[in-house]
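> Could you have a look at this structure, given as structure tokens, before my questions?
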Amino acid sequence: MLFRKSSTTPTPAEEKGPNRRNFLKGLSLAGVGTAALSGGLLADINLKAGVKAAEGEPIPVGGAVPITGWAAADGIEFQRGLEMACEDINAMGGILGRQLKPVFEDTKEQGADNIIPAIQRLIDRHKVHAIINGYNTGAVTAEYDTVADSGVIYMHHNTDIVHHDTVGKNPDRYFSIFMNDPAEYWYGKGLLKFLNGLGDTGQWKRPNNKIAIVTGSQNYSVVIANAIRDNAKEFGWDVSLYETVVVPISEWGPTLQKLRNDPPACIAVTHWVPQDLAQFCIQFKPNPTNSLVYMQYGPSLAAFREIGKENTNGVLYSTVVASLQDEIGTEFNNRYKKKFGASASPLAGAQAYDPTFMWAIASAVSGGSGGPGELDQNKKVSNVLRRMIYRGTLGTTKYFLPEQAAIPYPDATKDPSLGMPHQYLQIQDFTKEPALIAPAPYETSSFQMPPWMKA
Amino acid sequence: MLSLFKPLSQSVRPSTVRFDLSVGLPVLVLFAVIPVFTPSNYFLGQLILFFLWGTVVTQWNLVFGVGGIFSLAQMALFAFGGFVTGIMGLYLGWSLWAALPIAGIGSVLFSLLIGLACLRLRGPYVALLTLAIAQVMYLLIITDTDCFYMEGVTCRNFTGGTRGLAKYGDFGFRDILGAKWAVGHYYMGLVMLALSTVMSISIIRGPLGLAFRALRDNPAYAVSRGLDRFKYQLIVFAMSAFFTGVAGGVYAGHFKVIGANVLYLSLLLFLLAMMIVGGIGRVWGPILGAAALMIADEGLKDYVEWRNIGLGLIIALFAMLWPQGIVGAVEAGWARLRQRLHPEKIAEPGPARAPRP
């Protein structure tokens, strides 16, 4: 049962034994404020099971994350997010009294020869009951067979449309595998829909129908660039430039010249490295075109604003998975920074935090989690996850079925309570955090015309 | 004139063959029985990876350590074999078993092209050009953004682009062995490493090895006796490419994905370090180096933050203290021990020289 019983006054029997207040007191002692939303539910389930505290045999839960290599900065946040979730869950009694014990394996450069052994090691050596990751980009679902052989729950944020195809075609074999963020495909449609929305609401009038796409040479960038290119026509846009730059890049002159020769209404840069993008802004600003500038991921990092300074004001970016700036998200972000330091990035850490709660609740509802080879128990947990609608720091998580991938809002559903928000942000003052300008009802600010553009 | 097809026994001392057999056969038997005693797919998976990297460094050693060619193209040949296997499986519907020999032969042809371009150069210039070829290959793959075919709503690139090539099938062991599928890949990898080691032994202990030793020890004399450095370097370059390409194909079939990540410089340097640690130019050096570094890597997995530092220290230690690698150090130690145990044999005078006129 997923609904909390409303009870405010503990009975004498409850006062002597385990009770919800004790667990919630534990939560507040642990500093878990808004996690009580989901944590209260978990605490209630534990309470009904007669759990006094998380004292049983620990349950190993794994993270196959890039602790070294090019994605290490994010990998460390995925590690922190999982650790924090385990601590919070343990403060609520764990899963039916069993504590969670996080263990990690390094996926290094994220090749298949790194990812698959890391996952196999979590299963064989650590006997994990679940693997909860941020992203690993290099296995193209090849690791799914390793997971499926063991049947443990695997929740990741690979942002990969191949997941839809792999799981959708064989949901019985891959019953335990969930992609907890929308596929990269939605970046393409989402951006075009967002731009059209700005026009429809009169916030911006596009000077022409041209969109210029500048991509780096990494997987993430190219896939998003292709998604924009492939959907442009459907949304009334013409691709005036599709340029692949070799990264890292600091000299943007040739690309800027092409843009200035044929100014588009929007420049979409899908390369993501913050210092490279900051250089783009610095070199673009002295002689700008009348174009919106949309960039991928890099602007979410402080380094982008620190290097680009006032040249970054007005830049747009988006993410399909990040902690929100609402009550739940802000409380999580603050607590995360307090725990791990001001330079920590809760946006990435939240990716491991929310799914761990989802899995813990689903396991508690199902009577416990299942280890490697315990297919029946893991199927019970998976069935609860498939039906679950979870509201956490990332917004709402609900899955496409049978694909078991997060539904994006508003890209695929008009109901914000049924999809993970595809967030659009704008740097309006480089000395402050970016402003969340879409989608409703999560926005905290309005779109502002970039300083280099004509109103 | 040296012949490649000259029987091994004519050019190889029986004692070295006996030594290689006495080392190789017990190790082979040991590896052959391991799957009987371990149920762990992870352990088998790591050993499969060892067989793959062992094969690559064994073949690279022929080029680098024996042929004296400072080539950094070995992973480009590996990737070529892997992509040939994946492309034939995906676009032509070939069984990966049928694609494997094509991967090997294709890599040989590719290596001949590289060799013709590079082998007239010397030393660091060969390294630079071969590295450049590998990097061009990497860039060609990751900048492959054109839509080759549509898969549902997503456009797919010919090489898989930065995402990697996948969904071309596997070797079919899952259908035969079920959850024990890794055992099939294990024996496949073991046979591949065994065959590539036999080839390595026959080259190092055989006529080609003699030719390269002659070219290294006294180039002017060797050339004056008709040894053509370019020809022999090209031959060893091409021969080493076969098993390297096959290893790429086995990698592609085992992991079910092949991507540009196999061309990362970090992986290339890791493999180079295996040769350095084991002993460049020795028959058993690269395999020992692969085993040593993979064991070290495994041991350091619980100390992730220290992993790269630890591996770096091991490599630096070998470079400074044992530049001839494990095998070189063991050989030197054995020689010292023999000298201590049997000083009379070492000091034994040779046949009396004829008095000078």
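A note on labels: chains of the structure tokens are A, B, ... as shown, every chain counts residues from 1, and ligands are counted from 1 in their shown order.
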With a cut-off of 9 Å and counting only C-alpha atoms, select all residues of chain A in contact with chain B and give the selection as a PDB file with C-alpha atoms, in the first residue's frame.

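Saved file selection-v3.pdb follows:
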ATOM      1  CA  ILE A  67      34.888   7.936 -10.302  1.00  0.00           C
ATOM      2  CA  THR A  68      37.878   8.520 -12.592  1.00  0.00           C
ATOM      3  CA  PHE A 104      30.816   1.481  -5.765  1.00  0.00           C
ATOM      4  CA  GLU A 105      32.704   0.382  -8.835  1.00  0.00           C
ATOM      5  CA  ASP A 106      34.532   2.734 -11.171  1.00  0.00           C
ATOM      6  CA  GLU A 109      36.213   6.111 -19.339  1.00  0.00           C
ATOM      7  CA  GLN A 110      32.778   4.497 -19.700  1.00  0.00           C
ATOM      8  CA  GLY A 111      33.666   2.027 -22.427  1.00  0.00           C
ATOM      9  CA  ALA A 112      31.806  -1.277 -22.546  1.00  0.00           C
ATOM     10  CA  ASP A 113      34.966  -2.942 -21.200  1.00  0.00           C
ATOM     11  CA  ILE A 116      30.146  -4.341 -17.928  1.00  0.00           C
ATOM     12  CA  PRO A 117      32.903  -5.622 -15.593  1.00  0.00           C
ATOM     13  CA  ALA A 118      31.977  -2.929 -13.051  1.00  0.00           C
ATOM     14  CA  ILE A 119      28.369  -4.088 -13.050  1.00  0.00           C
ATOM     15  CA  GLN A 120      29.357  -7.750 -13.012  1.00  0.00           C
ATOM     16  CA  ARG A 121      31.632  -7.082 -10.042  1.00  0.00           C
ATOM     17  CA  LEU A 122      28.827  -5.375  -8.126  1.00  0.00           C
ATOM     18  CA  ILE A 123      26.661  -8.424  -8.719  1.00  0.00           C
ATOM     19  CA  ASP A 124      29.197 -11.218  -8.211  1.00  0.00           C
ATOM     20  CA  ARG A 125      31.383  -9.815  -5.495  1.00  0.00           C
ATOM     21  CA  THR A 137      27.473   6.365 -22.076  1.00  0.00           C
ATOM     22  CA  GLY A 138      29.549   3.637 -23.718  1.00  0.00           C
ATOM     23  CA  ALA A 139      27.721   0.319 -23.413  1.00  0.00           C
ATOM     24  CA  VAL A 140      24.628   1.074 -25.564  1.00  0.00           C
ATOM     25  CA  THR A 141      22.526  -1.276 -23.380  1.00  0.00           C
ATOM     26  CA  ALA A 142      25.078  -4.099 -23.766  1.00  0.00           C
ATOM     27  CA  GLU A 143      25.248  -4.212 -19.965  1.00  0.00           C
ATOM     28  CA  ASP A 149      21.104 -12.687 -15.942  1.00  0.00           C
ATOM     29  CA  SER A 150      21.054 -11.774 -12.243  1.00  0.00           C
ATOM     30  CA  ILE A 161      16.701   6.169 -26.775  1.00  0.00           C
ATOM     31  CA  VAL A 162      18.188   2.707 -27.405  1.00  0.00           C
ATOM     32  CA  ASP A 165      13.978  -0.260 -28.136  1.00  0.00           C
ATOM     33  CA  TYR A 185      15.586  12.233 -28.221  1.00  0.00           C
ATOM     34  CA  GLY A 216      31.006  18.747 -30.393  1.00  0.00           C
ATOM     35  CA  SER A 217      32.263  15.314 -31.268  1.00  0.00           C
ATOM     36  CA  GLN A 218      31.159  13.471 -28.145  1.00  0.00           C
ATOM     37  CA  ASN A 219      28.267  11.080 -28.008  1.00  0.00           C
ATOM     38  CA  TYR A 220      26.046  13.251 -25.856  1.00  0.00           C
ATOM     39  CA  VAL A 222      25.981  14.513 -31.398  1.00  0.00           C
ATOM     40  CA  VAL A 223      22.872  12.631 -30.358  1.00  0.00           C
ATOM     41  CA  ASN A 226      20.821  14.944 -34.484  1.00  0.00           C
ATOM     42  CA  ALA A 227      17.579  14.984 -32.519  1.00  0.00           C
ATOM     43  CA  ASP A 230      15.761  15.389 -37.359  1.00  0.00           C
ATOM     44  CA  THR A 244      30.752  19.459 -35.982  1.00  0.00           C
ATOM     45  CA  VAL A 245      33.697  20.978 -34.130  1.00  0.00           C
ATOM     46  CA  VAL A 246      36.579  18.959 -32.778  1.00  0.00           C
TER      47      VAL A 246
END
> If you run DSSP on this backbone, which residues of stretch 180-340 of chain A come out as helix (DSSP H, G or I), and could you give them as a PyMOL selection string?
chain A and resi 185-200+219-231+233-235+253-261+274-284+298-300+302-312+327-340
> Run DSSP on the backbone and give me the residues of stretch 260-357 of chain A it puts in strand (DSSP E or B), as a list in words.
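Those in stretch 260-357 of chain A that DSSP calls strand (DSSP E or B) are Cys266, Ile267, Ala268, Val269, Leu292, Val293, Tyr294, Met295, Gln296, Leu316, Tyr317, Ser318 and Thr319 of chain A.
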> Check the smallest atom-to-atom distance from each of B:Ala332, B:Met75, B:Ala194, B:Met137 to B:Leu265 using only C-alpha atoms, then report the winner.
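Using only C-alpha atoms, B:Leu265 sits closest to B:Met75.
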